[in-house]
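Quick notes on the structure that follows.
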Amino acid sequence: MGTALMSRLGAYFIGVVAIFSFCATTQQKYIQSFDQPQYVLLRNPIMQNLGSYGEYEFYKKDSLLVVKINSLYISKPVRNDDYNKNLSLKNLDKEVLYDIADSASLVPPGKITVVTVNTEEGIDSLRFSGGRLDGRFVRMKNGKPIIEGFYKMGFEDSTWVIRDTVGTDKVIQTFVNGETTSIKHYNQDKLKSSSKINTRSDTIFNTYIQLAILILCMGGIVFWLYKNYRNTVPGHLNLKLLWKMLICFLSPLFVWLLYFGSRMLLMNYDQDIFETLATIVFIFIAVSPLMFIIVFWIKLRKEIDILLYCLLFALACSTWATYVTLEAISK
């Protein structure tokens, strides 16, 4: 009976590990949507069915094909900002041509084309340079301009005005190199709210500040622990063996909770369930042996040292995660 039970439990364990491994290594897709309309222009298409093509809509103009892009599938972005959107737009016409698998070709760079397409959202006036939007964009609905703005080789540029179709509200967005820098909400030309949006450069600068703060906090905790050690040596905190073992095995959980709290405080936590589980396992593997060394060899000096060590390890994990993020967004 014991052997059969162990075999069954072993099979369940292997099954759980296998399912977790397959799910954790499956590439998850993320959708990049666009607040401003996105189009590309192709020529000599052979497509007969011009209906909706998933995330694309098609409008044929003689020997030209106007493709409206509603969304794109992308890999997980490091940050949810316009920088990632701009990366997805970099070779948009080539990617669309590849996706539709048509015999169409790219429009030669520099060739200016002005067309108008009638969509469900309104009548869009488009200006292309080659296959990319370039110049003024206007969307009309019920004889009223509801979206006005400028493109620069596919990227939003300068000032965009988005009007309410039924009321007097409007939103003015300012772009620099395709990245939103400010958003202002108006009602009857009266400013209701204004917000500044961080660009990728701003995000990098802020991340450096976060990294510096984390390192300073770690230095302060190390100094605190050193003072506790100097003030009590050769004395130490007397604990029973059971309590020592509990500290060593339970402290990784508290370290992860503190790590989670610090990442939430810095608004940098974006892990999915599999990444979270992997982080917990990594913290347990790294922290538990260190706590054995601290508890049984270095020895705790005061009760607060338990919290200080957990906080130190949590800040170390957060510092490492912030550094990895900084490396990713600085490339």
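By convention here, the chains of the structure tokens are called A, B, ... in the order presented, each chain's residues are numbered starting at 1, and ligands are numbered starting at 1 in the order presented.
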>> Could you go through segment 51-286 of chain A and tell me which residues DSSP, when run on the backbone, assigns to strand (DSSP E or B), listing them as a PyMOL selection string?
In response: chain A and resi 53+56-61+64-74+105-106+112-118+123-129+132-133+135-141+144-152+155-163+169-176+179-187+190-196
> When DSSP works through the backbone of this structure, what residues of segment 119-312 of chain A end up as helix (DSSP H, G or I), shown as a count of residues only?
Replying inline: 93
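Restricting the calculation to only C-alpha atoms, the smallest distance between Asp82 of chain A and any of A:Thr232, A:Thr159, A:Thr180, A:Ser7 is found for A:Thr180.
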> Which neighbours of segment 220-224 of chain A fall inside 12 Å, counting only C-alpha atoms, when residues of the same chain fewer than 2 positions from it are skipped, and could you give them as a count of residues only?
Replying inline: 27
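Using only C-alpha atoms for every distance, the candidate list A:Ala4, A:Ile329, A:Cys248, A:Val161 yields A:Ile329 as the residue closest to Thr199 of chain A.
Computed from the coordinates, the atom CA of Ser88 of chain A to atom CA of Ile183 of chain A distance equals 22.2 Å.
Atom pair atom CA of Pro109 of chain A / atom CA of Val67 of chain A: separated by 17.1 Å.
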>> Need to verify the contact set: segment 320-325 of chain A, 12 Å, only C-alpha atoms, exclusion of same-chain residues closer than 5 positions in sequence. Can you return it as a VMD selection string?
In response: chain A and resid 77 to 79 203 to 204 206 to 215 259 to 260 262 to 263 266 to 271 279 313 to 315 330 to 331
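Proximity to Glu57 of chain A was assessed for A:Glu148, A:Asp35, A:Glu327, A:Glu120 counting only C-alpha atoms; the smallest distance is recorded for A:Glu120.
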> Which residues come within 9 Å of Val287 of chain A, counting only C-alpha atoms, excluding same-chain residues fewer than 2 positions away, as an MDAnalysis selection string?
Replying inline: chainID A and resid 248:249 251:252 255 282:285 289:292 310 313
